[in-house]
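Asker: Sharing work-v3.txt (compact mmCIF, C-alpha atoms and all ligand atoms) below.
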```
# COMPACT_ATOMS: atom_id res chain seq x y z
CA MET T 176 97.59 -160.65 -107.75
CA PRO T 177 96.47 -157.96 -105.31
CA GLU T 178 94.15 -159.03 -102.53
CA PRO T 179 90.52 -158.94 -103.59
CA LEU T 180 88.42 -156.10 -102.19
CA THR T 181 84.76 -156.52 -101.28
CA PRO T 182 82.22 -154.33 -103.07
CA GLY T 183 81.69 -152.46 -99.81
CA ALA T 184 85.42 -151.76 -99.44
CA LEU T 185 85.72 -150.62 -103.08
CA LEU T 186 82.80 -148.21 -102.73
CA ALA T 187 84.22 -146.81 -99.48
CA LEU T 188 87.62 -146.20 -101.12
CA ASP T 189 85.91 -144.76 -104.19
CA ARG T 190 84.02 -142.27 -102.04
CA GLN T 191 87.17 -141.31 -100.17
CA HIS T 192 89.60 -140.90 -103.08
CA VAL T 193 88.05 -140.93 -106.53
CA TRP T 194 86.56 -138.00 -108.43
CA HIS T 195 83.61 -138.79 -110.65
CA PRO T 196 82.34 -136.68 -113.57
CA TYR T 197 80.75 -133.40 -112.50
CA GLY T 198 80.82 -134.53 -108.87
CA PRO T 199 81.87 -133.15 -105.51
CA MET T 200 84.50 -134.73 -103.26
CA PRO T 201 83.55 -136.85 -101.45
CA GLY T 202 80.83 -137.99 -103.85
CA LYS T 203 77.21 -137.41 -102.87
CA ALA T 204 75.47 -140.38 -104.46
CA ALA T 205 77.08 -143.82 -104.41
CA PRO T 206 77.91 -145.01 -107.95
CA LEU T 207 76.94 -148.53 -109.02
CA LEU T 208 79.85 -150.95 -109.01
CA VAL T 209 80.18 -152.67 -112.42
CA GLU T 210 81.98 -155.99 -112.49
CA SER T 211 81.85 -156.72 -116.21
CA ALA T 212 79.86 -155.90 -119.32
CA SER T 213 78.84 -157.98 -122.30
CA GLY T 214 76.55 -157.29 -125.25
CA VAL T 215 74.16 -154.58 -124.03
CA ARG T 216 74.32 -155.64 -120.39
CA LEU T 217 76.26 -154.25 -117.44
CA ARG T 218 76.83 -156.79 -114.68
CA LEU T 219 76.84 -155.32 -111.18
CA ALA T 220 79.13 -156.55 -108.41
CA GLU T 221 76.14 -156.67 -106.06
CA PRO T 222 72.41 -156.38 -106.71
CA VAL T 223 70.80 -152.94 -106.60
CA GLU T 224 67.00 -152.69 -106.42
CA GLY T 225 66.99 -156.45 -106.89
CA ARG T 226 68.93 -156.24 -110.19
CA ASP T 227 72.39 -157.65 -110.80
CA GLU T 228 72.28 -156.90 -114.53
CA LEU T 229 71.24 -153.73 -116.33
CA VAL T 230 70.47 -153.13 -120.00
CA ASP T 231 72.64 -150.19 -120.97
CA GLY T 232 70.57 -147.33 -122.35
CA MET T 233 73.55 -144.96 -122.51
CA SER T 234 76.19 -146.72 -124.67
CA SER T 235 78.63 -145.34 -122.10
CA TRP T 236 77.98 -141.75 -123.19
CA TRP T 237 77.32 -142.44 -126.89
CA SER T 238 80.44 -144.53 -127.42
CA ALA T 239 79.73 -148.28 -127.14
CA VAL T 240 77.81 -148.58 -130.41
CA HIS T 241 78.58 -152.31 -130.79
CA GLY T 242 77.93 -153.12 -127.12
CA TYR T 243 80.51 -154.55 -124.73
CA ASN T 244 83.03 -157.34 -124.98
CA HIS T 245 82.59 -157.65 -128.73
CA PRO T 246 84.67 -160.51 -130.21
CA VAL T 247 85.83 -158.46 -133.23
CA LEU T 248 87.00 -155.52 -131.11
CA ASN T 249 88.50 -157.85 -128.51
CA ASP T 250 90.51 -159.55 -131.27
CA ALA T 251 91.71 -156.22 -132.64
CA ALA T 252 92.84 -155.12 -129.16
CA ARG T 253 94.49 -158.46 -128.39
CA GLY T 254 96.25 -158.63 -131.76
CA GLN T 255 97.64 -155.14 -131.39
CA LEU T 256 98.60 -155.72 -127.75
CA GLU T 257 100.86 -158.58 -128.85
CA ARG T 258 102.65 -156.27 -131.30
CA MET T 259 102.82 -153.09 -129.18
CA SER T 260 100.34 -151.13 -127.11
CA HIS T 261 102.10 -147.83 -127.69
CA VAL T 262 105.04 -146.08 -129.27
CA MET T 263 105.60 -142.34 -129.52
CA PHE T 264 104.29 -140.67 -132.68
CA GLY T 265 107.07 -138.11 -133.04
CA GLY T 266 109.39 -139.45 -135.76
CA LEU T 267 107.66 -142.85 -135.72
CA THR T 268 104.51 -144.14 -137.34
CA HIS T 269 102.62 -147.41 -137.50
CA GLU T 270 100.03 -149.32 -139.46
CA PRO T 271 97.04 -148.85 -137.09
CA ALA T 272 97.28 -145.03 -137.21
CA VAL T 273 97.85 -144.93 -140.97
CA ARG T 274 94.99 -147.33 -141.68
CA LEU T 275 92.65 -145.42 -139.39
CA ALA T 276 93.53 -142.05 -140.89
CA LYS T 277 92.96 -143.36 -144.41
CA ARG T 278 89.63 -144.84 -143.39
CA LEU T 279 88.47 -141.59 -141.77
CA VAL T 280 89.44 -139.63 -144.88
CA ASP T 281 87.50 -142.14 -147.00
CA ILE T 282 84.24 -142.00 -145.02
CA THR T 283 84.04 -138.29 -144.13
CA PRO T 284 83.13 -135.49 -146.58
CA GLU T 285 85.59 -135.40 -149.48
CA PRO T 286 87.41 -132.11 -148.74
CA LEU T 287 88.61 -133.44 -145.35
CA GLN T 288 91.98 -135.01 -146.17
CA HIS T 289 94.26 -134.69 -143.13
CA VAL T 290 93.89 -136.25 -139.70
CA PHE T 291 95.23 -135.28 -136.29
CA LEU T 292 94.75 -138.08 -133.74
CA ALA T 293 94.27 -136.81 -130.20
CA ASP T 294 93.37 -138.56 -126.98
CA SER T 295 89.95 -137.14 -126.13
CA GLY T 296 87.11 -135.21 -127.66
CA SER T 297 87.88 -132.03 -125.75
CA VAL T 298 91.48 -132.11 -126.95
CA SER T 299 90.33 -132.64 -130.54
CA VAL T 300 88.24 -129.46 -130.18
CA GLU T 301 91.28 -127.61 -128.77
CA VAL T 302 93.24 -128.79 -131.81
CA ALA T 303 90.44 -127.69 -134.17
CA VAL T 304 90.43 -124.21 -132.62
CA LYS T 305 94.21 -124.02 -132.77
CA MET T 306 94.14 -125.04 -136.44
CA CYS T 307 91.64 -122.30 -137.28
CA LEU T 308 93.42 -119.52 -135.37
CA GLN T 309 96.79 -120.54 -136.72
CA TYR T 310 95.45 -120.70 -140.27
CA TRP T 311 94.43 -117.03 -140.14
CA ARG T 312 97.65 -116.04 -138.38
CA SER T 313 99.63 -117.72 -141.19
CA LEU T 314 97.60 -115.79 -143.73
CA GLY T 315 98.53 -112.52 -142.01
CA LYS T 316 95.15 -112.04 -140.30
CA PRO T 317 95.93 -112.50 -136.60
CA ARG T 318 92.87 -110.47 -135.59
CA LYS T 319 90.68 -113.35 -136.68
CA GLN T 320 90.80 -115.21 -133.36
CA ARG T 321 87.26 -115.38 -132.01
CA LEU T 322 84.70 -118.14 -132.44
CA LEU T 323 81.00 -118.02 -133.15
CA THR T 324 78.55 -120.71 -132.11
CA TRP T 325 74.87 -121.00 -131.31
CA ARG T 326 73.46 -121.31 -127.83
CA GLY T 327 72.61 -124.69 -126.38
CA GLY T 328 75.85 -126.34 -127.47
CA TYR T 329 78.41 -128.51 -125.73
CA HIS T 330 81.98 -129.02 -126.94
CA GLY T 331 83.88 -130.43 -123.95
CA ASP T 332 85.36 -129.42 -120.62
CA THR T 333 88.83 -128.04 -121.39
CA TRP T 334 89.34 -124.30 -121.84
CA GLN T 335 88.51 -123.44 -125.47
CA PRO T 336 85.69 -125.99 -125.65
CA MET T 337 84.16 -124.55 -122.47
CA SER T 338 84.16 -121.10 -124.06
CA VAL T 339 81.78 -122.32 -126.80
CA CYS T 340 79.48 -124.32 -124.51
CA ASP T 341 76.15 -122.69 -123.75
CA PRO T 342 77.11 -119.76 -121.52
CA ASP T 343 73.88 -119.70 -119.49
CA GLY T 344 72.53 -122.27 -117.12
CA GLY T 345 75.09 -124.87 -118.14
CA MET T 346 77.73 -126.39 -115.94
CA HIS T 347 80.40 -123.93 -117.14
CA GLU T 348 78.46 -120.78 -116.21
CA LEU T 349 80.85 -120.36 -113.27
CA TRP T 350 83.62 -119.41 -115.70
CA GLN T 351 81.94 -116.47 -117.38
CA GLY T 352 84.41 -113.59 -117.35
CA VAL T 353 87.39 -115.96 -117.15
CA LEU T 354 86.94 -117.84 -120.43
CA PRO T 355 87.67 -116.27 -123.82
CA ARG T 356 84.55 -114.27 -124.82
CA GLN T 357 83.01 -115.82 -127.91
CA ILE T 358 80.07 -114.77 -130.04
CA PHE T 359 76.76 -116.51 -129.50
CA ALA T 360 73.86 -116.75 -131.90
CA ASP T 361 70.44 -117.72 -130.57
CA ALA T 362 69.85 -121.47 -130.29
CA PRO T 363 68.65 -122.98 -133.56
CA PRO T 364 64.85 -123.40 -133.78
CA ALA T 365 63.93 -126.94 -132.72
CA GLY T 366 62.86 -129.76 -134.98
CA PHE T 367 64.83 -131.92 -137.40
CA ASP T 368 61.93 -131.89 -139.88
CA ALA T 369 60.92 -128.27 -139.35
CA ALA T 370 61.37 -126.04 -142.39
CA PRO T 371 64.35 -123.71 -141.84
CA ASP T 372 63.22 -120.44 -140.32
CA GLU T 373 64.18 -117.55 -142.61
CA ALA T 374 64.45 -115.03 -139.78
CA TYR T 375 66.82 -117.30 -137.89
CA ALA T 376 68.92 -117.91 -141.02
CA ALA T 377 69.14 -114.14 -141.46
CA HIS T 378 70.23 -113.80 -137.82
CA LEU T 379 73.09 -116.27 -138.44
CA ARG T 380 74.16 -114.50 -141.64
CA GLU T 381 74.03 -111.08 -140.00
CA LEU T 382 76.15 -112.11 -136.99
CA ILE T 383 78.78 -113.82 -139.14
CA GLY T 384 78.94 -110.82 -141.47
CA ARG T 385 79.14 -108.30 -138.64
CA HIS T 386 81.99 -110.12 -136.86
CA ALA T 387 83.85 -111.46 -139.91
CA GLU T 388 86.96 -109.34 -139.23
CA GLU T 389 87.52 -110.96 -135.83
CA LEU T 390 86.05 -114.42 -136.53
CA ALA T 391 88.39 -117.36 -137.04
CA ALA T 392 85.66 -119.96 -137.20
CA VAL T 393 82.09 -120.96 -136.57
CA ILE T 394 81.88 -124.14 -134.51
CA VAL T 395 78.66 -126.11 -134.02
CA GLU T 396 77.33 -129.57 -133.32
CA PRO T 397 75.49 -130.43 -136.54
CA VAL T 398 71.81 -131.54 -136.28
CA VAL T 399 71.92 -132.72 -132.64
CA GLN T 400 73.03 -130.62 -129.70
CA GLY T 401 73.94 -133.31 -127.17
CA ALA T 402 75.04 -132.57 -123.62
CA GLY T 403 73.84 -128.96 -124.04
CA GLY T 404 70.20 -130.08 -124.08
CA MET T 405 69.58 -133.00 -126.43
CA SER T 406 67.83 -130.89 -129.06
CA PHE T 407 67.51 -131.45 -132.80
CA HIS T 408 67.46 -128.85 -135.56
CA SER T 409 67.03 -128.67 -139.31
CA PRO T 410 70.09 -129.62 -141.39
CA GLY T 411 69.17 -126.56 -143.47
CA TYR T 412 70.96 -124.32 -140.97
CA LEU T 413 74.24 -126.09 -141.74
CA ARG T 414 73.89 -124.99 -145.37
CA VAL T 415 73.22 -121.44 -144.18
CA LEU T 416 76.40 -121.55 -142.07
CA ARG T 417 78.44 -122.96 -144.95
CA GLU T 418 77.28 -120.22 -147.32
CA ALA T 419 77.77 -117.40 -144.80
CA CYS T 420 81.23 -118.67 -143.81
CA ASP T 421 82.29 -118.87 -147.47
CA GLU T 422 80.93 -115.44 -148.20
CA HIS T 423 82.68 -113.78 -145.25
CA GLY T 424 85.95 -115.73 -145.10
CA VAL T 425 85.32 -117.68 -141.90
CA LEU T 426 86.19 -121.35 -141.31
CA LEU T 427 83.46 -123.84 -140.39
CA VAL T 428 84.03 -126.53 -137.75
CA PHE T 429 81.61 -129.41 -137.16
CA ASP T 430 81.91 -131.11 -133.80
CA GLU T 431 80.63 -134.60 -134.64
CA ILE T 432 81.99 -136.17 -131.47
CA ALA T 433 78.49 -137.23 -130.38
CA THR T 434 76.77 -137.48 -133.76
CA GLY T 435 79.43 -139.36 -135.74
CA PHE T 436 79.25 -143.02 -136.79
CA GLY T 437 75.56 -143.35 -137.52
CA ARG T 438 73.86 -142.17 -134.35
CA THR T 439 71.49 -139.72 -136.07
CA GLY T 440 70.65 -142.08 -138.96
CA ALA T 441 73.35 -140.71 -141.28
CA LEU T 442 76.99 -141.81 -140.97
CA PHE T 443 77.83 -138.20 -140.06
CA ALA T 444 75.25 -135.58 -139.20
CA ALA T 445 76.78 -133.31 -141.87
CA ASP T 446 75.58 -135.87 -144.44
CA HIS T 447 71.95 -134.89 -143.68
CA ALA T 448 72.79 -131.46 -145.11
CA GLY T 449 75.31 -132.50 -147.76
CA VAL T 450 77.66 -129.93 -146.28
CA ALA T 451 81.41 -130.33 -145.77
CA PRO T 452 83.06 -128.38 -142.96
CA ASP T 453 86.67 -127.13 -143.08
CA VAL T 454 87.45 -128.96 -139.85
CA MET T 455 85.65 -131.90 -138.22
CA CYS T 456 86.04 -133.40 -134.74
CA LEU T 457 85.34 -137.07 -134.05
CA GLY T 458 85.49 -139.01 -130.78
CA LYS T 459 83.15 -140.98 -128.53
CA ALA T 460 82.04 -143.89 -130.82
CA LEU T 461 85.34 -143.75 -132.74
CA THR T 462 86.76 -146.78 -130.86
CA GLY T 463 83.36 -148.39 -130.28
CA GLY T 464 83.71 -147.24 -126.68
CA TYR T 465 86.82 -149.35 -125.98
CA LEU T 466 89.57 -146.76 -125.53
CA THR T 467 89.95 -143.03 -125.50
CA LEU T 468 90.72 -141.58 -128.93
CA ALA T 469 89.59 -138.61 -130.97
CA ALA T 470 90.41 -137.15 -134.35
CA THR T 471 90.46 -133.68 -135.89
CA LEU T 472 90.20 -133.70 -139.68
CA CYS T 473 90.88 -130.72 -141.90
CA THR T 474 90.93 -129.72 -145.55
CA THR T 475 94.05 -129.32 -147.63
CA ALA T 476 93.46 -125.55 -147.70
CA VAL T 477 93.62 -125.39 -143.89
CA ALA T 478 96.67 -127.67 -143.71
CA ASP T 479 98.47 -125.70 -146.44
CA GLY T 480 97.69 -122.38 -144.75
CA ILE T 481 99.14 -123.56 -141.44
CA SER T 482 102.18 -125.16 -143.06
CA ARG T 483 103.10 -121.99 -144.97
CA GLY T 484 103.05 -119.69 -141.94
CA ALA T 485 105.90 -118.07 -140.00
CA LEU T 486 105.73 -121.10 -137.69
CA PRO T 487 105.10 -123.68 -140.41
CA VAL T 488 103.97 -126.52 -138.13
CA LEU T 489 100.91 -127.41 -136.09
CA ALA T 490 102.39 -127.05 -132.62
CA HIS T 491 100.48 -129.81 -130.89
CA GLY T 492 101.65 -133.32 -129.98
CA PRO T 493 100.05 -135.26 -127.15
CA THR T 494 102.24 -137.94 -125.57
CA PHE T 495 99.78 -140.66 -126.51
CA MET T 496 99.04 -139.27 -129.95
CA GLY T 497 97.95 -141.96 -132.40
CA ASN T 498 97.97 -144.65 -129.71
CA PRO T 499 98.27 -147.93 -131.68
CA LEU T 500 95.95 -149.91 -129.41
CA ALA T 501 93.18 -147.32 -129.69
CA ALA T 502 93.78 -146.82 -133.42
CA ALA T 503 93.61 -150.57 -134.12
CA VAL T 504 90.34 -150.92 -132.22
CA ALA T 505 88.92 -147.79 -133.91
CA ASP T 506 89.75 -149.18 -137.35
CA ALA T 507 88.13 -152.50 -136.42
CA SER T 508 85.08 -150.73 -134.97
CA ILE T 509 84.49 -148.68 -138.12
CA GLY T 510 85.05 -151.79 -140.24
CA LEU T 511 82.48 -153.65 -138.15
CA LEU T 512 79.98 -150.80 -138.49
CA LEU T 513 80.37 -150.59 -142.26
CA SER T 514 80.25 -154.38 -142.72
CA GLN T 515 76.61 -154.46 -141.60
CA ASP T 516 73.44 -152.65 -142.57
CA TRP T 517 73.92 -150.11 -139.79
CA GLU T 518 71.36 -147.74 -141.35
CA GLN T 519 68.71 -150.41 -141.03
CA GLU T 520 69.72 -151.14 -137.42
CA VAL T 521 69.55 -147.47 -136.46
CA LYS T 522 66.15 -147.20 -138.19
CA ARG T 523 64.92 -150.26 -136.34
CA ILE T 524 65.94 -148.69 -133.02
CA GLU T 525 64.39 -145.37 -134.07
CA THR T 526 61.06 -147.14 -134.68
CA GLY T 527 61.33 -148.94 -131.34
CA LEU T 528 62.06 -145.69 -129.54
CA ARG T 529 59.14 -143.88 -131.25
CA ASP T 530 56.72 -146.65 -130.27
CA GLY T 531 58.10 -147.19 -126.79
CA LEU T 532 58.42 -143.55 -125.78
CA ALA T 533 55.06 -142.39 -127.19
CA PRO T 534 53.24 -143.11 -123.90
CA ALA T 535 55.63 -140.73 -122.10
CA ALA T 536 53.86 -137.79 -123.76
CA GLY T 537 50.86 -138.51 -121.53
CA ILE T 538 52.82 -138.45 -118.25
CA ALA T 539 52.30 -135.40 -116.02
CA GLY T 540 55.30 -133.08 -116.10
CA VAL T 541 56.53 -134.23 -119.54
CA ARG T 542 57.04 -131.32 -121.90
CA GLU T 543 58.17 -133.15 -125.05
CA VAL T 544 59.14 -136.54 -126.42
CA ARG T 545 61.54 -136.56 -129.39
CA VAL T 546 63.38 -139.23 -131.31
CA LEU T 547 66.01 -139.04 -134.06
CA GLY T 548 68.00 -142.05 -135.22
CA ALA T 549 69.07 -144.06 -132.17
CA ILE T 550 68.44 -141.15 -129.80
CA GLY T 551 65.32 -140.94 -127.63
CA VAL T 552 64.61 -137.97 -125.38
CA VAL T 553 61.92 -137.21 -122.83
CA GLN T 554 62.08 -133.61 -121.70
CA LEU T 555 60.31 -132.66 -118.47
CA ASP T 556 59.02 -129.23 -117.49
CA HIS T 557 61.29 -129.26 -114.41
CA GLU T 558 64.71 -130.51 -113.25
CA VAL T 559 64.87 -134.29 -112.85
CA ASP T 560 65.34 -135.81 -109.43
CA MET T 561 68.51 -137.64 -110.45
CA ALA T 562 68.46 -140.18 -107.60
CA ALA T 563 64.76 -141.03 -107.96
CA THR T 564 64.81 -141.29 -111.77
CA THR T 565 67.97 -143.41 -111.82
CA ARG T 566 66.52 -145.72 -109.18
CA ALA T 567 63.27 -146.06 -111.14
CA ALA T 568 65.22 -147.09 -114.25
CA VAL T 569 67.36 -149.57 -112.30
CA ARG T 570 64.18 -151.10 -110.87
CA GLU T 571 63.17 -151.75 -114.51
CA GLY T 572 66.59 -153.32 -115.14
CA VAL T 573 67.99 -150.44 -117.20
CA TRP T 574 70.90 -148.03 -116.85
CA LEU T 575 70.08 -144.39 -117.60
CA ARG T 576 71.82 -141.17 -116.58
CA PRO T 577 69.31 -138.29 -116.71
CA PHE T 578 70.48 -134.68 -116.43
CA ARG T 579 68.87 -131.25 -116.12
CA ASP T 580 65.29 -131.69 -117.36
CA LEU T 581 66.15 -134.64 -119.60
CA ILE T 582 65.68 -138.38 -119.42
CA TYR T 583 67.19 -139.82 -122.56
CA THR T 584 68.70 -142.90 -124.16
CA MET T 585 71.07 -143.70 -127.00
CA PRO T 586 71.37 -147.47 -126.91
CA PRO T 587 74.06 -149.58 -128.60
CA TYR T 588 73.07 -150.40 -132.19
CA ILE T 589 73.03 -154.11 -131.33
CA THR T 590 70.18 -153.60 -128.82
CA GLY T 591 67.40 -156.10 -129.67
CA ASP T 592 63.76 -155.04 -129.97
CA GLU T 593 62.82 -156.45 -126.56
CA ASP T 594 65.64 -154.57 -124.88
CA VAL T 595 64.73 -151.34 -126.72
CA ALA T 596 61.17 -151.77 -125.39
CA ARG T 597 62.56 -152.36 -121.93
CA ILE T 598 64.69 -149.22 -122.12
CA CYS T 599 61.61 -147.23 -123.19
CA ALA T 600 59.60 -148.67 -120.28
CA ALA T 601 62.40 -147.56 -117.94
CA VAL T 602 62.49 -144.04 -119.44
CA CYS T 603 58.72 -143.82 -118.86
CA ALA T 604 59.07 -145.16 -115.31
CA ALA T 605 61.81 -142.59 -114.64
CA ALA T 606 59.63 -139.81 -116.10
CA ARG T 607 56.83 -140.79 -113.70
CA GLU T 608 59.28 -140.44 -110.80
CA GLY T 609 60.77 -137.31 -112.40
C1 LIG Z 1 81.53 -135.51 -125.36
C2 LIG Z 1 81.70 -134.37 -126.28
C3 LIG Z 1 82.89 -133.63 -126.32
C4 LIG Z 1 84.04 -133.88 -125.38
O1 LIG Z 1 84.62 -135.13 -125.56
P1 LIG Z 1 85.50 -135.77 -124.37
O2 LIG Z 1 86.05 -137.02 -124.96
O3 LIG Z 1 84.54 -136.00 -123.24
O4 LIG Z 1 86.54 -134.79 -124.01
C5 LIG Z 1 82.98 -132.61 -127.24
N1 LIG Z 1 81.97 -132.33 -128.09
C6 LIG Z 1 80.82 -133.03 -128.09
C7 LIG Z 1 79.75 -132.69 -129.08
C8 LIG Z 1 80.63 -134.06 -127.18
O5 LIG Z 1 79.48 -134.74 -127.16
```
What would the structure in this file look like if it were written as structure tokens?
Ligand SMILES: *Cc1c(COP(=O)(O)O)cnc(C)c1O
Answerer:
Amino acid sequence: MPEPLTPGALLALDRQHVWHPYGPMPGKAAPLLVESASGVRLRLAEPVEGRDELVDGMSSWWSAVHGYNHPVLNDAARGQLERMSHVMFGGLTHEPAVRLAKRLVDITPEPLQHVFLADSGSVSVEVAVKMCLQYWRSLGKPRKQRLLTWRGGYHGDTWQPMSVCDPDGGMHELWQGVLPRQIFADAPPAGFDAAPDEAYAAHLRELIGRHAEELAAVIVEPVVQGAGGMSFHSPGYLRVLREACDEHGVLLVFDEIATGFGRTGALFAADHAGVAPDVMCLGKALTGGYLTLAATLCTTAVADGISRGALPVLAHGPTFMGNPLAAAVADASIGLLLSQDWEQEVKRIETGLRDGLAPAAGIAGVREVRVLGAIGVVQLDHEVDMAATTRAAVREGVWLRPFRDLIYTMPPYITGDEDVARICAAVCAAAREG
């Protein structure tokens, strides 16, 4: 065993050597040191603001839907570990990957029949884009190589995904002029329950029609735009996109990396609209937050197109493709989700969030409070003070990670009513510090 390091020593080494997400080097704000996690609680190595345990309001960026240290997922990981943690996927296959692929095909919209297992959400978006471009190339239409999306989106941090993130004001603005130039529609009008706006639908149809010759695909986050601004829109626009894409010969990609596995109240956000995309990306909650894994699903038409081209293969193959450990845990996580009344649990959290966040509307500087499924958002009329808001939440015993003008939560589905109320109290406390 290596010599134990004190929390102080670990934090000093962290600051000196370790990059954190979207951070400078050395880091500006000291991260909290987590020693272990169980259920919905993160245990800190040393108390912060008098707290050594925090209720997790973030599900580790949407992923830990069953909470931490779950016996069923632990068993799946342990069982697979005893057999093998990894083997290459070129020329070999294994039960965890096959079972997972079959399960994903069974629970996603019917036309999606083929599964590419990648190691992160961003890579699954890269694969989706490659599938779409290669499909048109195979069909003798190599000019169809651009993408269309709407503003306010987020699709990951590697190159193609960055090119379809919101181009203004987001963290990838720096790369304008370097990234591939994609086509941007206006952001969808806000409101899950709002009636679809005809003028906006016409705007989508017009753009798709005008650029059809050069468009490989339309890619969007259905119903909820996550890291781009935590906004909700009418599922009706997904039907508009499906119709316009069919009419003009453009593929439709749904990035359900954040919305998949029940978060919005439907198993997949596409289900709210009854629309099937040609390609779908899954990630985040896929393994219940245990391991990194993502999936790109496509229709038989897309797979056939690619496989009949001049280069009749999908030229992509990550080293850790189909990782058995991750696949076994993912299969167990989906099984666990489907074995319970997850819809009822998400509804219960939705009700708790509506009740608990309502008072935030009366706080000075709050622009809007919105809730959909197990997602609660308080939007301010100014940038949050990240340090002050985080500290305020920690003082309430809750872990939150606000960004831009947003203080938000998407708790694990196992979060009890008292803990949901506590998370809401922390969001309100953070908004007051905002
Ligand atoms: C998080 C996210 C991604 C990127 O996934 P990573 O695993 O972080 O690479 C892509 N699209 C959406 C909608 C996401 O929320």
Asker: Give me the residues within 12 Å of stretch 359-361 of chain T as number ranges by chain, counting all atoms listed in the file and dropping any in the same chain fewer than 6 places off.
Answerer: T: 321-328, 338-343, 374-383, 386, 390, 393-395, 416
Asker: Pick the closest to T:Ile509 from T:Gly463, T:Leu217, T:Gly458, T:His423: which is it, counting all atoms listed in the file?
Answerer: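 Smallest separation from T:Ile509 among the options: T:Gly463.
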Asker: What does the list of residues within 7 Å of ligand LIG 1 (chain Z) look like if you count only C-alpha atoms and all ligand atoms, written as a PDB file with C-alpha atoms, keeping the file's coordinate frame?
Answerer:
```
ATOM      1  CA  SER T 295      89.950-137.140-126.130  1.00  0.00           C
ATOM      2  CA  GLY T 296      87.110-135.210-127.660  1.00  0.00           C
ATOM      3  CA  SER T 297      87.880-132.030-125.750  1.00  0.00           C
ATOM      4  CA  VAL T 298      91.480-132.110-126.950  1.00  0.00           C
ATOM      5  CA  VAL T 300      88.240-129.460-130.180  1.00  0.00           C
ATOM      6  CA  TYR T 329      78.410-128.510-125.730  1.00  0.00           C
ATOM      7  CA  HIS T 330      81.980-129.020-126.940  1.00  0.00           C
ATOM      8  CA  GLY T 331      83.880-130.430-123.950  1.00  0.00           C
ATOM      9  CA  ASP T 332      85.360-129.420-120.620  1.00  0.00           C
ATOM     10  CA  GLU T 396      77.330-129.570-133.320  1.00  0.00           C
ATOM     11  CA  GLY T 401      73.940-133.310-127.170  1.00  0.00           C
ATOM     12  CA  ALA T 402      75.040-132.570-123.620  1.00  0.00           C
ATOM     13  CA  ASP T 430      81.910-131.110-133.800  1.00  0.00           C
ATOM     14  CA  GLU T 431      80.630-134.600-134.640  1.00  0.00           C
ATOM     15  CA  ILE T 432      81.990-136.170-131.470  1.00  0.00           C
ATOM     16  CA  ALA T 433      78.490-137.230-130.380  1.00  0.00           C
ATOM     17  CA  GLY T 458      85.490-139.010-130.780  1.00  0.00           C
ATOM     18  CA  LYS T 459      83.150-140.980-128.530  1.00  0.00           C
TER      19      LYS T 459
END
```
Asker: Could you tell me how far atom CA of T:Val504 sits from atom CA of T:Thr462, in Å to one decimal place?
Answerer: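 Answer for the atom CA of T:Thr462 to atom CA of T:Val504 separation: 5.6 Å.
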Asker: Quick one: which stretch 205-267 of chain T residues come within 12 Å of stretch 492-497 of chain T, and what is the nearest atom pair for each with the distance in Å to one decimal, counting only C-alpha atoms, rows ordered by chain and ascending number, as a tab-separated table?
Answerer:
```
residue	atom	partner	partner_atom	distance
T:Ser260	CA	T:Phe495	CA	10.5
T:His261	CA	T:Phe495	CA	7.6
T:Val262	CA	T:Phe495	CA	8.0
T:Met263	CA	T:Phe495	CA	6.8
T:Phe264	CA	T:Met496	CA	6.1
T:Gly265	CA	T:Gly492	CA	7.9
T:Gly266	CA	T:Gly492	CA	11.4
T:Leu267	CA	T:Gly497	CA	10.3
```
Asker: Quote the spacing between atom CA of T:Leu466 and atom CA of T:Ile589 in Å to one decimal place.
Answerer: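 These two atoms are separated by 19.0 Å.
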Asker: Between T:Arg438, T:Arg483, T:His195, T:Arg190, single out the one closest to T:Ala549, counting all atoms listed in the file.
Answerer: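 That would be T:Arg438, the residue with the smallest distance to T:Ala549.
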Asker: Using all atoms listed in the file, can you tell me which of T:Pro355, T:Pro336, T:Gly548, T:Gly591 comes closest to T:Val304?
Answerer: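 Selected residue with least distance to T:Val304: T:Pro336.
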Asker: Might you pull out every residue within 12 Å of T:Asn249, with only C-alpha atoms counted and same-chain residues fewer than 5 positions away left off, and present them as a ChimeraX atom specification?
Answerer: /T:213,241-244,254-256,462-466,500-501,503-505,507-508
Asker: Using C-alpha atoms, can you write the selected residues to a file as an mmCIF file, keeping the file's coordinate frame?
Answerer:
```cif
data_model
loop_
_atom_site.group_PDB
_atom_site.id
_atom_site.type_symbol
_atom_site.label_atom_id
_atom_site.label_comp_id
_atom_site.auth_asym_id
_atom_site.auth_seq_id
_atom_site.Cartn_x
_atom_site.Cartn_y
_atom_site.Cartn_z
ATOM 1 C CA SER T 213 78.840 -157.980 -122.300
ATOM 2 C CA HIS T 241 78.580 -152.310 -130.790
ATOM 3 C CA GLY T 242 77.930 -153.120 -127.120
ATOM 4 C CA TYR T 243 80.510 -154.550 -124.730
ATOM 5 C CA ASN T 244 83.030 -157.340 -124.980
ATOM 6 C CA GLY T 254 96.250 -158.630 -131.760
ATOM 7 C CA GLN T 255 97.640 -155.140 -131.390
ATOM 8 C CA LEU T 256 98.600 -155.720 -127.750
ATOM 9 C CA THR T 462 86.760 -146.780 -130.860
ATOM 10 C CA GLY T 463 83.360 -148.390 -130.280
ATOM 11 C CA GLY T 464 83.710 -147.240 -126.680
ATOM 12 C CA TYR T 465 86.820 -149.350 -125.980
ATOM 13 C CA LEU T 466 89.570 -146.760 -125.530
ATOM 14 C CA LEU T 500 95.950 -149.910 -129.410
ATOM 15 C CA ALA T 501 93.180 -147.320 -129.690
ATOM 16 C CA ALA T 503 93.610 -150.570 -134.120
ATOM 17 C CA VAL T 504 90.340 -150.920 -132.220
ATOM 18 C CA ALA T 505 88.920 -147.790 -133.910
ATOM 19 C CA ALA T 507 88.130 -152.500 -136.420
ATOM 20 C CA SER T 508 85.080 -150.730 -134.970
#
```
